[in-house]
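Enquirer: Pasting a structure below so you can have a look.
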Amino acid sequence: MAVKFANTPGFFAPMRFEAQVDDCIVEGELPAGLRGTFYRSCADRRFPPLYPHDTPYNSDGAVDLFRFYDGNVDFRSRYVKTPRYLAERAAHKPLFGLYRNRFTSDPAVRNLSHNTANTTPIVHGGMLFSMKEESLPTRLDPYTLETIGEWDFGGTLKSTSFTAHPKQDPLTGELIAFAYEAKGDCTDDLAVFVFDQDAQLTNEIWFKSPVVSMMHDMAITASHVILPTTGMVTSMQRLQNGELHWAYDPAQPAYVAIVPRKGTASDVRWFKGTPDQAMLVHTTNAWSEGNKVIMEAPVAGDNFHPYFLRVDGTKSNPSSYYPTMRRWTFDLDSDKDSWEEEILFGGIKVTSFSRIDDRFLTQPFRYSYMLMNDPSLPINRDFADTLAVRVSNAWFRFDHHTGAIEKFSAGETHGMSEPQFVPRHKGAPEGDGYLLGVVNDFREQRSELVIVDATDLAAGAIAKVKLPFRLHMQVHGWWVAD
Ligand SMILES: [Fe+2]
């Protein structure tokens with residue numbers, strides 16, 4: 001049966017395409033010191049969803065790379081050949097049902113891995129992975145992007161899931177990770193994992209969560225792990241009823257686990273916030289000061305996953321609330337289970353896509369970089385609906401010392417992906433480097449990778465790596481220096 005997709009315009013249509021472009025056309029001057037590889041994990045359905053109300057989070061994973069060397073850039077793009085991808089390719093039709101609900105999949109594949117590997121690429125211990133939070137990491141060849149397979153760290157990983165946002169400690173080289181629903185669908189088991197720089201497991205801490213909730217991201221300090229819940233809830237009953245995995249519970253308070261990296265389950269402290277602190281998707285950074293653990297992150301008081309309904313079946317109204325950048329301070333000397341909150345940058349409306357100069361993870365820091373929606377920047381009116389409502393059109397640099405904000409817009413018809421910070425050279429001070437990321441030109445239906453001086457966003461792009469086609473929508477990226 002021929003494949004038919006519902007009519008989806010432009011960049012929101014599936015790409016269904018693997019590509020290789022060597023010696024890409026470059027406009028402007030590539031910085032001479034820029035040597036390394038930018039990986040991006042993308043979501044791109046190979047077959048139409050079995051259920052029209054499924055979420056794009058359930059799309060097949062694809063990984064792209066841009067390799068910078070000797071003034072050249074090579075591009076390559078490959079689907080992640082998950083068991084799910086291979087089963088559907090063999091059947092020539094979709095078999096997997098709603099997002100994280102096996103009961104809605106074809107019985108023939110119900111017990112097969114539902115891993116889409118579509119969220120974050122990471123490189124650790126010389127290995128490249130593409131991650132999806134309800135599954136194990138999928139290992140790929142870092143040069144060809146061909147899929148090697150799901151990876152359980154040489155048999156040491158006992159969880160059924162693994163976060164898409166592990167953190168690499170820049171000072172120790174360790175990889176800190178966690179798993180939720182760690183013993184299968186809807187289980188209240190959490191696990192924190194510590195791996196050394198060679199990806200050998202050195203500590204694991206298993207404990208219970210007060211609620212089974214989406215836990216998408218984490219933060220680390222030199223001594224602690226911070227794990228926030230997000231107000232999204234699930235149950236086996238929901239799954240058996242044939243629903244999407246998550247619903248948003250507006251009454252659910254925020255819970256945060258603080259876990260010593262070298263501790264055991266008995267050292268875990270749970271803190272309890274309010275429902276208007278619950279929607280935390282990505283963290284910015286965290287550090288320890290004495291016995292205080294301090295984290296900064298964009299946080300909202302209501303659901304900003306538009307595809308998931310509230311528990312009462314109603315839709316959220318994202319125009320009525322927005323994330324703000326907040327600083328949370330957890331005092332481990334206090335017996336209280338609450339924390340202090342400070343709203344940063346005057347409560348400006350932000351998004352959840354927050355990044356920093358990753359060399360300053362675990363440490364006090366000055367700059368963060370964010371993908372933003374800014375209707376005050378020039379927008380071509382023919383594309384206004386798309387650019388203002390459906391995609392992000394700017395990168396912001398936030399100065400956490402002075403409160404200053406700098407902006408970069410790639411153009412009046414351009415949508416942008418999360419920025420990646422790359423240091424100018426190995427010993428460069430914090431923030432001295434480049435922002436790079438893929439930009440989509442909605443007028444030309446073509447993508448390019450732009451490079452901006454991170455100390456002068458207003459100056460515009462230094463260089464653009466032009467591709468002769470459009471790319472799939474990115475989730476997250478990762479830079480590896482040569
Ligand atoms: Fe994410």
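Labeling convention for the structure tokens: chains A, B, ... as they appear, residues from 1 per chain, ligands from 1 in order of appearance.
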For ligand 1, return the neighbouring residues as a PyMOL selection string (distance at most 9 Å; only C-alpha atoms and all ligand atoms).
Expert: chain A and resi 119-120+164-165+216-217+281-282+352-353+475-476
Enquirer: Would you please extract all alpha helix (DSSP H) residues from stretch 231-285 of chain A, as assigned by DSSP on the backbone, and give them as a PyMOL selection string?
Expert: chain A and resi 236-240
Enquirer: Can you tell me, as a list in words, what residues are no more than 10 Å from A:Pro170 when counting only C-alpha atoms, ignoring any on the same chain fewer than 3 positions away?
Expert: Lys167, Gly173, Glu174, Leu175, Ala222, Asp358, Arg359, Phe360, Leu361, Thr362 and Gln363 of chain A
Enquirer: Given the selection you just returned, output its residues as a file containing N, CA, C and O atoms, formatted as a PDB file, in the first residue's frame.
Expert:
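Result written to part.pdb:
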```pdb
ATOM      1  N   LYS A 167      24.542  14.454  31.834  1.00  0.00           N
ATOM      2  CA  LYS A 167      25.461  15.596  31.904  1.00  0.00           C
ATOM      3  C   LYS A 167      26.891  15.094  32.006  1.00  0.00           C
ATOM      4  O   LYS A 167      27.188  14.201  32.790  1.00  0.00           O
ATOM      5  N   GLY A 173      35.302  14.688  33.823  1.00  0.00           N
ATOM      6  CA  GLY A 173      35.099  13.834  32.651  1.00  0.00           C
ATOM      7  C   GLY A 173      34.042  12.765  32.855  1.00  0.00           C
ATOM      8  O   GLY A 173      33.791  11.960  31.949  1.00  0.00           O
ATOM      9  N   GLU A 174      33.389  12.752  34.039  1.00  0.00           N
ATOM     10  CA  GLU A 174      32.368  11.732  34.290  1.00  0.00           C
ATOM     11  C   GLU A 174      31.082  12.054  33.530  1.00  0.00           C
ATOM     12  O   GLU A 174      30.798  13.214  33.223  1.00  0.00           O
ATOM     13  N   LEU A 175      30.279  11.014  33.294  1.00  0.00           N
ATOM     14  CA  LEU A 175      28.938  11.179  32.747  1.00  0.00           C
ATOM     15  C   LEU A 175      27.951  10.810  33.854  1.00  0.00           C
ATOM     16  O   LEU A 175      28.006   9.715  34.410  1.00  0.00           O
ATOM     17  N   ALA A 222      29.086  19.830  41.464  1.00  0.00           N
ATOM     18  CA  ALA A 222      30.266  18.988  41.668  1.00  0.00           C
ATOM     19  C   ALA A 222      29.955  17.831  42.617  1.00  0.00           C
ATOM     20  O   ALA A 222      30.613  16.788  42.572  1.00  0.00           O
ATOM     21  N   ASP A 358      29.328  24.687  27.897  1.00  0.00           N
ATOM     22  CA  ASP A 358      29.289  23.450  28.696  1.00  0.00           C
ATOM     23  C   ASP A 358      30.536  23.232  29.546  1.00  0.00           C
ATOM     24  O   ASP A 358      30.527  22.396  30.445  1.00  0.00           O
ATOM     25  N   ARG A 359      31.605  24.003  29.293  1.00  0.00           N
ATOM     26  CA  ARG A 359      32.801  23.891  30.143  1.00  0.00           C
ATOM     27  C   ARG A 359      32.512  24.424  31.541  1.00  0.00           C
ATOM     28  O   ARG A 359      33.318  24.251  32.452  1.00  0.00           O
ATOM     29  N   PHE A 360      31.364  25.116  31.708  1.00  0.00           N
ATOM     30  CA  PHE A 360      31.025  25.701  33.010  1.00  0.00           C
ATOM     31  C   PHE A 360      29.860  24.989  33.697  1.00  0.00           C
ATOM     32  O   PHE A 360      29.344  25.484  34.696  1.00  0.00           O
ATOM     33  N   LEU A 361      29.480  23.815  33.180  1.00  0.00           N
ATOM     34  CA  LEU A 361      28.534  22.980  33.922  1.00  0.00           C
ATOM     35  C   LEU A 361      29.124  22.697  35.297  1.00  0.00           C
ATOM     36  O   LEU A 361      30.335  22.524  35.429  1.00  0.00           O
ATOM     37  N   THR A 362      28.269  22.649  36.318  1.00  0.00           N
ATOM     38  CA  THR A 362      28.620  22.397  37.735  1.00  0.00           C
ATOM     39  C   THR A 362      29.247  23.600  38.428  1.00  0.00           C
ATOM     40  O   THR A 362      29.571  23.512  39.608  1.00  0.00           O
ATOM     41  N   GLN A 363      29.464  24.726  37.708  1.00  0.00           N
ATOM     42  CA  GLN A 363      30.158  25.869  38.312  1.00  0.00           C
ATOM     43  C   GLN A 363      29.307  27.134  38.203  1.00  0.00           C
ATOM     44  O   GLN A 363      28.468  27.223  37.305  1.00  0.00           O
TER      45      GLN A 363
END
```
Enquirer: Using atom CA of A:Ile258 and atom CA of A:Val293 as the two end points, give the distance in Å to one decimal.
Expert: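 Calculated distance between atom CA of A:Ile258 and atom CA of A:Val293 is 8.4 Å.
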Enquirer: Between A:Phe66, A:Tyr51, A:Tyr57, A:Phe408, which one has atoms that come closest to A:Leu467, using only C-alpha atoms?
Expert: A:Phe66
Enquirer: With only C-alpha atoms as the atoms that count, which of A:Asp312, A:Met473, A:Ala219, A:Tyr369 lies nearest to A:Pro14?
Expert: A:Met473
Enquirer: So the first atom is atom CA of A:Phe469 and the second is atom CA of A:Arg424; what is the distance between them in Å, to one decimal place?
Expert: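 Computing it gives 29.1 Å between the two atoms.
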Enquirer: Would you mind listing what lies within 9 Å of A:Arg470 as an MDAnalysis selection string, with only C-alpha atoms counted and same-chain residues fewer than 4 positions away left out?
Expert: chainID A and resid 10:11 15 440:441 444:448
Enquirer: Please build the interface table for stretch 228-342 of chain A against stretch 81-104 of chain A with a cut-off of 7 Å, listing for each qualifying residue the nearest atom pair and the distance in Å to one decimal; count only C-alpha atoms, order rows by chain and increasing number, and write it as a tab-separated table.
Expert:
```
residue	atom	partner	partner_atom	distance
A:Leu239	CA	A:Asn101	CA	5.7
A:Gln240	CA	A:Phe103	CA	6.2
A:Gly242	CA	A:Thr104	CA	5.9
A:Leu244	CA	A:Tyr99	CA	5.7
A:His245	CA	A:Arg100	CA	5.4
```
Enquirer: Just want the 10 Å neighbourhood of A:Gly273, counted on only C-alpha atoms, with same-chain residues fewer than 4 positions away dropped. Output as an mmCIF file with N, CA and C atoms, in the first residue's frame.
Expert:
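The resulting file, out.cif, is reproduced below:
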```cif
data_model
loop_
_atom_site.group_PDB
_atom_site.id
_atom_site.type_symbol
_atom_site.label_atom_id
_atom_site.label_comp_id
_atom_site.auth_asym_id
_atom_site.auth_seq_id
_atom_site.Cartn_x
_atom_site.Cartn_y
_atom_site.Cartn_z
ATOM 1 N N GLN A 252 -0.749 18.906 40.569
ATOM 2 C CA GLN A 252 0.470 18.195 40.970
ATOM 3 C C GLN A 252 1.548 19.195 41.404
ATOM 4 N N PRO A 253 2.072 19.104 42.623
ATOM 5 C CA PRO A 253 3.169 20.003 42.991
ATOM 6 C C PRO A 253 4.470 19.581 42.308
ATOM 7 N N ALA A 254 5.442 20.485 42.302
ATOM 8 C CA ALA A 254 6.777 20.127 41.819
ATOM 9 C C ALA A 254 7.499 19.348 42.909
ATOM 10 N N TYR A 255 8.125 18.252 42.554
ATOM 11 C CA TYR A 255 9.002 17.524 43.468
ATOM 12 C C TYR A 255 10.418 17.572 42.901
ATOM 13 N N VAL A 256 11.394 17.713 43.770
ATOM 14 C CA VAL A 256 12.786 17.708 43.319
ATOM 15 C C VAL A 256 13.586 16.787 44.236
ATOM 16 N N GLN A 277 5.277 25.646 40.004
ATOM 17 C CA GLN A 277 6.720 25.419 39.780
ATOM 18 C C GLN A 277 6.968 24.094 39.063
ATOM 19 N N ALA A 278 5.881 23.481 38.546
ATOM 20 C CA ALA A 278 6.007 22.081 38.133
ATOM 21 C C ALA A 278 6.515 21.893 36.709
ATOM 22 N N ASP A 337 11.352 21.003 53.671
ATOM 23 C CA ASP A 337 11.340 20.335 52.363
ATOM 24 C C ASP A 337 10.985 21.313 51.237
ATOM 25 N N SER A 338 11.055 22.625 51.517
ATOM 26 C CA SER A 338 10.793 23.625 50.480
ATOM 27 C C SER A 338 12.109 24.256 50.043
ATOM 28 N N TRP A 339 12.059 25.081 49.001
ATOM 29 C CA TRP A 339 13.264 25.774 48.530
ATOM 30 C C TRP A 339 12.959 27.233 48.275
ATOM 31 N N GLU A 340 14.036 28.045 48.145
ATOM 32 C CA GLU A 340 13.893 29.470 47.828
ATOM 33 C C GLU A 340 13.844 29.633 46.316
ATOM 34 N N GLU A 341 12.974 30.553 45.852
ATOM 35 C CA GLU A 341 12.885 30.817 44.410
ATOM 36 C C GLU A 341 13.100 32.297 44.137
#
```
Enquirer: One number please: atom CA of A:Val211 to atom CA of A:Pro260, in Å, one decimal.
Expert: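 That distance, rounded to one decimal, is 20.6 Å.
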Enquirer: Do a neighbour search on A:Ala199 at 7 Å with only C-alpha atoms, toss out local chain neighbours closer than 2 positions, and write the hits as a ChimeraX atom specification.
Expert: /A:124-125,195-197,201
Enquirer: Deliver the residues from the most recent selection as a file, using C-alpha atoms, as an mmCIF file, in the first residue's frame.
Expert:
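In the end it all went to out_21.cif:
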```
data_model
loop_
_atom_site.group_PDB
_atom_site.id
_atom_site.type_symbol
_atom_site.label_atom_id
_atom_site.label_comp_id
_atom_site.auth_asym_id
_atom_site.auth_seq_id
_atom_site.Cartn_x
_atom_site.Cartn_y
_atom_site.Cartn_z
ATOM 1 C CA HIS A 124 31.117 9.775 25.704
ATOM 2 C CA GLY A 125 33.982 7.322 26.044
ATOM 3 C CA PHE A 195 30.100 6.631 34.649
ATOM 4 C CA ASP A 196 33.788 7.466 34.428
ATOM 5 C CA GLN A 197 35.306 9.058 31.339
ATOM 6 C CA LEU A 201 29.700 2.455 35.686
#
```
Enquirer: Under the rule that only C-alpha atoms are counted, which of A:Asp185, A:Glu243, A:Glu150, A:Glu133 is the nearest residue to A:Met218?
Expert: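 Smallest separation from A:Met218 among the options: A:Glu133.
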Enquirer: Can you list every residue in stretch 106-308 of chain A that DSSP puts in strand (DSSP E or B), as a PyMOL selection string?
Expert: chain A and resi 120-124+127-131+138-140+147-150+167-168+175-179+189-195+201-208+213+219-221+224-228+232-233+247-248+255-260+269-272+279+285-289+292-300
Enquirer: Please determine, counting only C-alpha atoms, which residue among A:Ile343, A:Ala481, A:Met215, A:Ala458 has the shortest atom-to-atom distance to A:Tyr180.
Expert: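 Answer, going by the shortest atom-to-atom distance: A:Met215.
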